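Undergrad: work.cif is reproduced below (mmCIF, C-alpha atoms).
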data_model
#
loop_
_atom_site.group_PDB
_atom_site.id
_atom_site.type_symbol
_atom_site.label_atom_id
_atom_site.label_comp_id
_atom_site.auth_asym_id
_atom_site.auth_seq_id
_atom_site.Cartn_x
_atom_site.Cartn_y
_atom_site.Cartn_z
ATOM 1 C CA MET A 1 102.853 93.088 105.874
ATOM 2 C CA ARG A 2 101.018 95.154 108.417
ATOM 3 C CA LEU A 3 97.250 94.876 107.944
ATOM 4 C CA ILE A 4 95.865 98.246 108.995
ATOM 5 C CA PRO A 5 98.687 100.280 107.431
ATOM 6 C CA PHE A 6 98.206 98.171 104.297
ATOM 7 C CA LEU A 7 94.486 98.904 104.215
ATOM 8 C CA VAL A 8 95.169 102.605 104.702
ATOM 9 C CA LEU A 9 97.883 102.520 102.004
ATOM 10 C CA ALA A 10 95.649 100.531 99.681
ATOM 11 C CA ALA A 11 92.808 102.995 100.140
ATOM 12 C CA GLY A 12 95.173 105.892 99.472
ATOM 13 C CA VAL A 13 96.665 104.229 96.407
ATOM 14 C CA LEU A 14 93.282 103.162 95.099
ATOM 15 C CA VAL A 15 91.707 106.566 95.306
ATOM 16 C CA GLY A 16 94.909 108.331 94.337
ATOM 17 C CA CYS A 17 94.429 111.033 96.878
ATOM 18 C CA SER A 18 95.138 112.044 100.428
ATOM 19 C CA LYS A 19 92.433 112.700 103.004
ATOM 20 C CA GLY A 20 90.533 115.838 102.188
ATOM 21 C CA ASN A 21 90.927 115.560 98.416
ATOM 22 C CA ALA A 22 88.222 114.243 96.153
ATOM 23 C CA PRO A 23 88.667 110.589 95.139
ATOM 24 C CA ALA A 24 89.786 109.875 91.589
ATOM 25 C CA ALA A 25 86.715 109.373 89.438
ATOM 26 C CA ASP A 26 88.471 107.001 87.043
ATOM 27 C CA PRO A 27 90.366 103.989 88.424
ATOM 28 C CA SER A 28 92.465 103.849 85.264
ATOM 29 C CA VAL A 29 93.976 107.170 86.327
ATOM 30 C CA ALA A 30 97.307 106.597 88.019
ATOM 31 C CA PRO A 31 97.541 107.184 91.758
ATOM 32 C CA THR A 32 99.732 109.917 93.101
ATOM 33 C CA THR A 33 103.418 109.385 92.447
ATOM 34 C CA ASN A 34 104.175 109.452 96.190
ATOM 35 C CA ALA A 35 102.134 106.285 96.781
ATOM 36 C CA ALA A 36 103.621 104.278 93.901
ATOM 37 C CA PRO A 37 107.071 103.475 95.346
ATOM 38 C CA ALA A 38 105.618 101.855 98.469
ATOM 39 C CA ALA A 39 103.155 99.806 96.446
ATOM 40 C CA THR A 40 105.824 98.843 93.915
ATOM 41 C CA ALA A 41 108.218 97.809 96.661
ATOM 42 C CA THR A 42 105.565 95.482 98.079
ATOM 43 C CA ALA A 43 104.869 94.011 94.660
ATOM 44 C CA ASP A 44 108.570 93.400 93.977
ATOM 45 C CA GLN A 45 109.363 91.419 97.153
ATOM 46 C CA SER A 46 109.941 87.741 96.334
ATOM 47 C CA THR A 47 111.184 85.659 99.252
ATOM 48 C CA GLY A 48 109.624 82.939 101.415
ATOM 49 C CA ALA A 49 105.898 83.418 101.788
ATOM 50 C CA ASP A 50 106.076 86.192 99.194
ATOM 51 C CA LEU A 51 106.690 83.568 96.487
ATOM 52 C CA LEU A 52 103.452 81.795 97.441
ATOM 53 C CA ASP A 53 101.682 85.145 97.507
ATOM 54 C CA ASP A 54 103.133 86.066 94.109
ATOM 55 C CA ALA A 55 101.800 82.802 92.678
ATOM 56 C CA ALA A 56 98.379 83.327 94.260
ATOM 57 C CA LEU A 57 98.212 86.892 92.943
ATOM 58 C CA ALA A 58 99.327 85.836 89.461
ATOM 59 C CA ARG A 59 96.493 83.243 89.365
ATOM 60 C CA PHE A 60 93.755 85.334 90.966
ATOM 61 C CA ARG A 61 91.299 87.057 88.641
ATOM 62 C CA LEU A 62 89.002 89.965 89.375
ATOM 63 C CA THR A 63 85.388 89.279 88.405
ATOM 64 C CA THR A 64 82.236 91.320 88.633
ATOM 65 C CA THR A 65 81.101 88.988 91.415
ATOM 66 C CA ASN A 66 84.195 89.110 93.627
ATOM 67 C CA VAL A 67 84.607 92.871 93.167
ATOM 68 C CA ALA A 68 80.942 93.470 94.067
ATOM 69 C CA ARG A 69 81.244 91.223 97.118
ATOM 70 C CA ALA A 70 84.520 92.861 98.193
ATOM 71 C CA THR A 71 82.872 96.271 97.777
ATOM 72 C CA GLU A 72 79.990 95.207 100.028
ATOM 73 C CA ALA A 73 82.432 93.691 102.556
ATOM 74 C CA THR A 74 84.394 96.948 102.585
ATOM 75 C CA ARG A 75 81.206 98.927 103.162
ATOM 76 C CA ASN A 76 80.349 96.544 105.998
ATOM 77 C CA LEU A 77 83.790 97.141 107.527
ATOM 78 C CA ALA A 78 83.335 100.895 107.178
ATOM 79 C CA ARG A 79 79.967 100.693 108.953
ATOM 80 C CA LEU A 80 81.555 98.522 111.637
ATOM 81 C CA SER A 81 84.297 101.123 112.188
ATOM 82 C CA ASP A 82 81.697 103.901 112.363
ATOM 83 C CA ALA A 83 79.504 101.957 114.783
ATOM 84 C CA ASP A 84 82.360 100.787 117.002
ATOM 85 C CA PRO A 85 85.259 103.290 117.057
ATOM 86 C CA GLN A 86 86.889 101.285 119.861
ATOM 87 C CA LEU A 87 87.064 98.245 117.573
ATOM 88 C CA ALA A 88 88.597 100.377 114.820
ATOM 89 C CA LYS A 89 91.182 101.647 117.309
ATOM 90 C CA ARG A 90 91.865 98.114 118.529
ATOM 91 C CA LEU A 91 92.358 96.905 114.957
ATOM 92 C CA SER A 92 94.720 99.809 114.276
ATOM 93 C CA ASP A 93 96.745 99.129 117.424
ATOM 94 C CA ASP A 94 96.728 95.299 117.506
ATOM 95 C CA GLU A 95 100.286 94.139 116.731
ATOM 96 C CA GLY A 96 99.185 90.508 116.288
ATOM 97 C CA LEU A 97 96.718 91.551 113.616
ATOM 98 C CA ASN A 98 99.026 94.071 111.991
ATOM 99 C CA ASP A 99 102.143 91.974 111.449
ATOM 100 C CA ALA A 100 100.776 89.424 108.964
ATOM 101 C CA LYS A 101 103.531 87.998 106.766
ATOM 102 C CA SER A 102 101.404 86.528 103.978
ATOM 103 C CA ILE A 103 98.029 86.763 102.295
ATOM 104 C CA GLN A 104 96.817 83.670 104.150
ATOM 105 C CA GLN A 105 98.027 84.956 107.498
ATOM 106 C CA MET A 106 96.293 88.291 106.864
ATOM 107 C CA ALA A 107 93.086 86.451 105.931
ATOM 108 C CA ASP A 108 93.343 84.247 109.035
ATOM 109 C CA ARG A 109 93.872 87.240 111.289
ATOM 110 C CA LEU A 110 90.883 89.055 109.808
ATOM 111 C CA ALA A 111 88.820 85.906 110.351
ATOM 112 C CA ALA A 112 90.020 85.717 113.969
ATOM 113 C CA VAL A 113 88.131 88.933 114.836
ATOM 114 C CA PRO A 114 84.493 87.743 114.884
ATOM 115 C CA GLN A 115 82.926 91.114 113.975
ATOM 116 C CA VAL A 116 85.357 91.579 111.075
ATOM 117 C CA ARG A 117 84.866 88.016 109.826
ATOM 118 C CA ARG A 118 81.079 88.463 109.900
ATOM 119 C CA ALA A 119 81.315 91.820 108.109
ATOM 120 C CA ILE A 120 83.324 90.238 105.300
ATOM 121 C CA GLU A 121 81.609 86.863 105.034
ATOM 122 C CA SER A 122 78.107 88.371 105.182
ATOM 123 C CA ALA A 123 78.935 89.906 101.799
ATOM 124 C CA GLY A 124 79.408 86.391 100.384
ATOM 125 C CA ILE A 125 83.200 86.429 100.173
ATOM 126 C CA SER A 126 85.833 84.599 102.212
ATOM 127 C CA THR A 127 88.441 86.562 104.113
ATOM 128 C CA ARG A 128 91.140 85.093 101.817
ATOM 129 C CA ASP A 129 89.354 86.153 98.629
ATOM 130 C CA TYR A 130 88.702 89.555 100.188
ATOM 131 C CA VAL A 131 92.426 90.013 100.832
ATOM 132 C CA LEU A 132 93.187 88.797 97.302
ATOM 133 C CA VAL A 133 90.798 91.394 95.833
ATOM 134 C CA LEU A 134 92.465 94.112 97.952
ATOM 135 C CA PHE A 135 95.951 93.154 96.815
ATOM 136 C CA THR A 136 94.931 92.579 93.196
ATOM 137 C CA TYR A 137 93.198 95.923 93.017
ATOM 138 C CA THR A 138 96.264 97.604 94.466
ATOM 139 C CA GLN A 139 98.270 95.872 91.735
ATOM 140 C CA VAL A 140 95.926 97.398 89.159
ATOM 141 C CA ALA A 141 96.751 100.819 90.619
ATOM 142 C CA VAL A 142 100.473 100.010 90.352
ATOM 143 C CA ALA A 143 99.939 98.872 86.752
ATOM 144 C CA SER A 144 98.299 102.203 85.956
ATOM 145 C CA VAL A 145 101.529 103.919 87.028
ATOM 146 C CA TYR A 146 103.505 101.624 84.718
ATOM 147 C CA ALA A 147 101.061 102.344 81.877
ATOM 148 C CA GLN A 148 101.244 106.087 82.444
ATOM 149 C CA GLN A 149 105.032 105.864 82.250
ATOM 150 C CA GLY A 150 104.897 103.682 79.094
ATOM 151 C CA ARG A 151 106.493 100.784 80.970
ATOM 152 C CA MET A 152 103.868 98.020 80.691
ATOM 153 C CA ASP A 153 106.617 95.732 79.362
ATOM 154 C CA LYS A 154 108.299 96.074 82.808
ATOM 155 C CA LEU A 155 105.157 95.127 84.741
ATOM 156 C CA PRO A 156 106.010 92.714 87.601
ATOM 157 C CA ALA A 157 105.141 89.100 86.738
ATOM 158 C CA ASN A 158 102.646 88.754 89.590
ATOM 159 C CA ILE A 159 100.431 91.507 88.127
ATOM 160 C CA SER A 160 97.968 89.909 85.750
ATOM 161 C CA LYS A 161 97.283 91.792 82.545
ATOM 162 C CA ASP A 162 93.831 90.162 82.636
ATOM 163 C CA ASN A 163 93.116 92.003 85.888
ATOM 164 C CA VAL A 164 94.391 95.265 84.420
ATOM 165 C CA ALA A 165 92.095 94.753 81.419
ATOM 166 C CA PHE A 166 89.179 93.850 83.717
ATOM 167 C CA ALA A 167 89.624 97.091 85.680
ATOM 168 C CA ALA A 168 89.683 99.133 82.487
ATOM 169 C CA ALA A 169 86.519 97.423 81.210
ATOM 170 C CA HIS A 170 84.651 97.675 84.548
ATOM 171 C CA ARG A 171 85.318 101.223 85.669
ATOM 172 C CA ALA A 172 81.981 101.692 87.423
ATOM 173 C CA GLU A 173 82.514 98.639 89.647
ATOM 174 C CA MET A 174 86.089 99.680 90.375
ATOM 175 C CA THR A 175 84.995 103.213 91.257
ATOM 176 C CA ARG A 176 82.435 101.812 93.717
ATOM 177 C CA PHE A 177 85.204 99.726 95.282
ATOM 178 C CA GLN A 178 87.436 102.831 95.515
ATOM 179 C CA GLN A 179 84.682 104.769 97.244
ATOM 180 C CA ALA A 180 84.080 101.952 99.738
ATOM 181 C CA MET A 181 87.838 101.791 100.445
ATOM 182 C CA GLN A 182 87.910 105.535 101.094
ATOM 183 C CA GLN A 183 84.939 105.239 103.463
ATOM 184 C CA MET A 184 86.677 102.401 105.326
ATOM 185 C CA ASN A 185 89.947 104.333 105.393
ATOM 186 C CA ASP A 186 88.153 107.303 106.968
ATOM 187 C CA GLY A 187 86.550 105.042 109.584
ATOM 188 C CA LEU A 188 89.871 103.408 110.483
ATOM 189 C CA ALA A 189 91.596 106.777 110.664
ATOM 190 C CA ASN A 190 88.869 108.101 112.970
ATOM 191 C CA GLY A 191 89.126 105.022 115.160
ATOM 192 C CA SER A 192 92.902 105.306 115.465
ATOM 193 C CA THR A 193 92.985 108.900 116.626
ATOM 194 C CA PRO A 194 93.515 109.300 120.375
#
Give the structure from this file in structure tokens form.
TA:
Amino acid sequence: MRLIPFLVLAAGVLVGCSKGNAPAADPSVAPTTNAAPAATATADQSTGADLLDDAALARFRLTTTNVARATEATRNLARLSDADPQLAKRLSDDEGLNDAKSIQQMADRLAAVPQVRRAIESAGISTRDYVLVLFTYTQVAVASVYAQQGRMDKLPANISKDNVAFAAAHRAEMTRFQQAMQQMNDGLANGSTP
């Protein structure tokens, strides 16, 4: 699982729009159909480290606290990208950082970049929990596609219905997270342009 492409994909899925379009105002609205197959394919993989990740994702629960902290961490990362475009470019280009094979490996690689680790941890969240919020929120976006298609009974087992219900009940917090993801996505995209 490549980190920077994942973050860009997650931001695109979460806001349900491409660059230049207004972000979706309601996180319960399904993302664009083009983004769903990639997100669904990631959610359906179940081999090796993916099994551990599936178990971690099935257990993890979104809360007002971890979503607020992840939102602040994402804003910190966006500010970091804006302040240091060379770092954003390095993060986009760094193969070692981008080829993480598991949630833990992604968290470890984020933590290995001191500025990134500080940006996340200064918001009061660990890099692992930050990655879990990112993935879980992306799962909520995938679940919204299933719901829109009337297929909630086919929802992958690693997508918690509790998290889907949380997102529906906490739209304001989820919208703030979407907006922070879009801001970070823009900063990463700007840093990765030659």
Undergrad: Nearest to Lys161 in chain A among A:Leu52, A:Leu62, A:Val67, A:Met184, with distances taken over all atoms listed in the file: which residue is it?
TA: A:Leu62
Undergrad: Please enumerate the residues selected by the PyMOL selection byres ((chain A and resi 173) around 12) when evaluated against the supplied file, formatted as an MDAnalysis selection string.
TA: chainID A and resid 25:27 62:72 137 166:172 174:180
Undergrad: Atoms to include: C-alpha atoms. Write the selected residues as a PDB file, keeping the file's coordinate frame.
TA:
ATOM      1  CA  ALA A  25      86.715 109.373  89.438  1.00  0.00           C
ATOM      2  CA  ASP A  26      88.471 107.001  87.043  1.00  0.00           C
ATOM      3  CA  PRO A  27      90.366 103.989  88.424  1.00  0.00           C
ATOM      4  CA  LEU A  62      89.002  89.965  89.375  1.00  0.00           C
ATOM      5  CA  THR A  63      85.388  89.279  88.405  1.00  0.00           C
ATOM      6  CA  THR A  64      82.236  91.320  88.633  1.00  0.00           C
ATOM      7  CA  THR A  65      81.101  88.988  91.415  1.00  0.00           C
ATOM      8  CA  ASN A  66      84.195  89.110  93.627  1.00  0.00           C
ATOM      9  CA  VAL A  67      84.607  92.871  93.167  1.00  0.00           C
ATOM     10  CA  ALA A  68      80.942  93.470  94.067  1.00  0.00           C
ATOM     11  CA  ARG A  69      81.244  91.223  97.118  1.00  0.00           C
ATOM     12  CA  ALA A  70      84.520  92.861  98.193  1.00  0.00           C
ATOM     13  CA  THR A  71      82.872  96.271  97.777  1.00  0.00           C
ATOM     14  CA  GLU A  72      79.990  95.207 100.028  1.00  0.00           C
ATOM     15  CA  TYR A 137      93.198  95.923  93.017  1.00  0.00           C
ATOM     16  CA  PHE A 166      89.179  93.850  83.717  1.00  0.00           C
ATOM     17  CA  ALA A 167      89.624  97.091  85.680  1.00  0.00           C
ATOM     18  CA  ALA A 168      89.683  99.133  82.487  1.00  0.00           C
ATOM     19  CA  ALA A 169      86.519  97.423  81.210  1.00  0.00           C
ATOM     20  CA  HIS A 170      84.651  97.675  84.548  1.00  0.00           C
ATOM     21  CA  ARG A 171      85.318 101.223  85.669  1.00  0.00           C
ATOM     22  CA  ALA A 172      81.981 101.692  87.423  1.00  0.00           C
ATOM     23  CA  MET A 174      86.089  99.680  90.375  1.00  0.00           C
ATOM     24  CA  THR A 175      84.995 103.213  91.257  1.00  0.00           C
ATOM     25  CA  ARG A 176      82.435 101.812  93.717  1.00  0.00           C
ATOM     26  CA  PHE A 177      85.204  99.726  95.282  1.00  0.00           C
ATOM     27  CA  GLN A 178      87.436 102.831  95.515  1.00  0.00           C
ATOM     28  CA  GLN A 179      84.682 104.769  97.244  1.00  0.00           C
ATOM     29  CA  ALA A 180      84.080 101.952  99.738  1.00  0.00           C
TER      30      ALA A 180
END
Undergrad: Determine the residue set returned by the PyMOL selection byres ((chain A and resi 187) around 6) for the present structure, and present it as a ChimeraX atom specification.
TA: /A:78,81-82,184-186,188-190
Undergrad: Could you tell me which residues the PyMOL selection byres ((chain A and resi 103-113) around 10) grabs in this file, written as a PyMOL selection string?
TA: chain A and resi 1-3+49-50+52-54+56-57+87+91+96-102+114-121+126-132+135
Undergrad: Which centre and edge lengths in Å to one decimal define the box along x, y and z that fits every listed atom of range 178-183 of chain A plus 8 Å per side, as lines of an AutoDock Vina configuration file?
TA:
center_x = 86.0
center_y = 103.7
center_z = 99.5
size_x = 19.8
size_y = 19.7
size_z = 23.9
Undergrad: Point out the residue among A:Ala165, A:Ala157, A:Gly124, A:Ser92 with the least atom-to-atom distance to Ser144 in chain A, counting only C-alpha atoms.
TA: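 Checking each candidate against Ser144 in chain A, we get A:Ala165 as the closest.
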Undergrad: Counting only C-alpha atoms, which of A:Asp153, A:Asp162, A:Asp93, A:Asp84 gets nearest to Arg59 in chain A?
TA: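 Between A:Asp153, A:Asp162, A:Asp93, A:Asp84, the residue approaching Arg59 in chain A most closely is A:Asp162.
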Undergrad: In Å, how far is it from CA of Thr74 in chain A to CA of Gln182 in chain A?
TA: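 So the two atoms, CA of Thr74 in chain A and CA of Gln182 in chain A, lie 9.4 Å apart.
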Undergrad: Identify which of the residues A:Val164, A:Ala55, A:Ala147, A:Met181 lies closest to Leu134 in chain A, counting all atoms listed in the file when measuring atom-to-atom distances.
TA: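 Among the listed residues, A:Met181 lies closest to Leu134 in chain A.
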Undergrad: What does the structure give for the distance between CA of Phe60 in chain A and CA of Ala73 in chain A, in Å to one decimal?
TA: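 We find that CA of Phe60 in chain A and CA of Ala73 in chain A lie 18.2 Å from each other.
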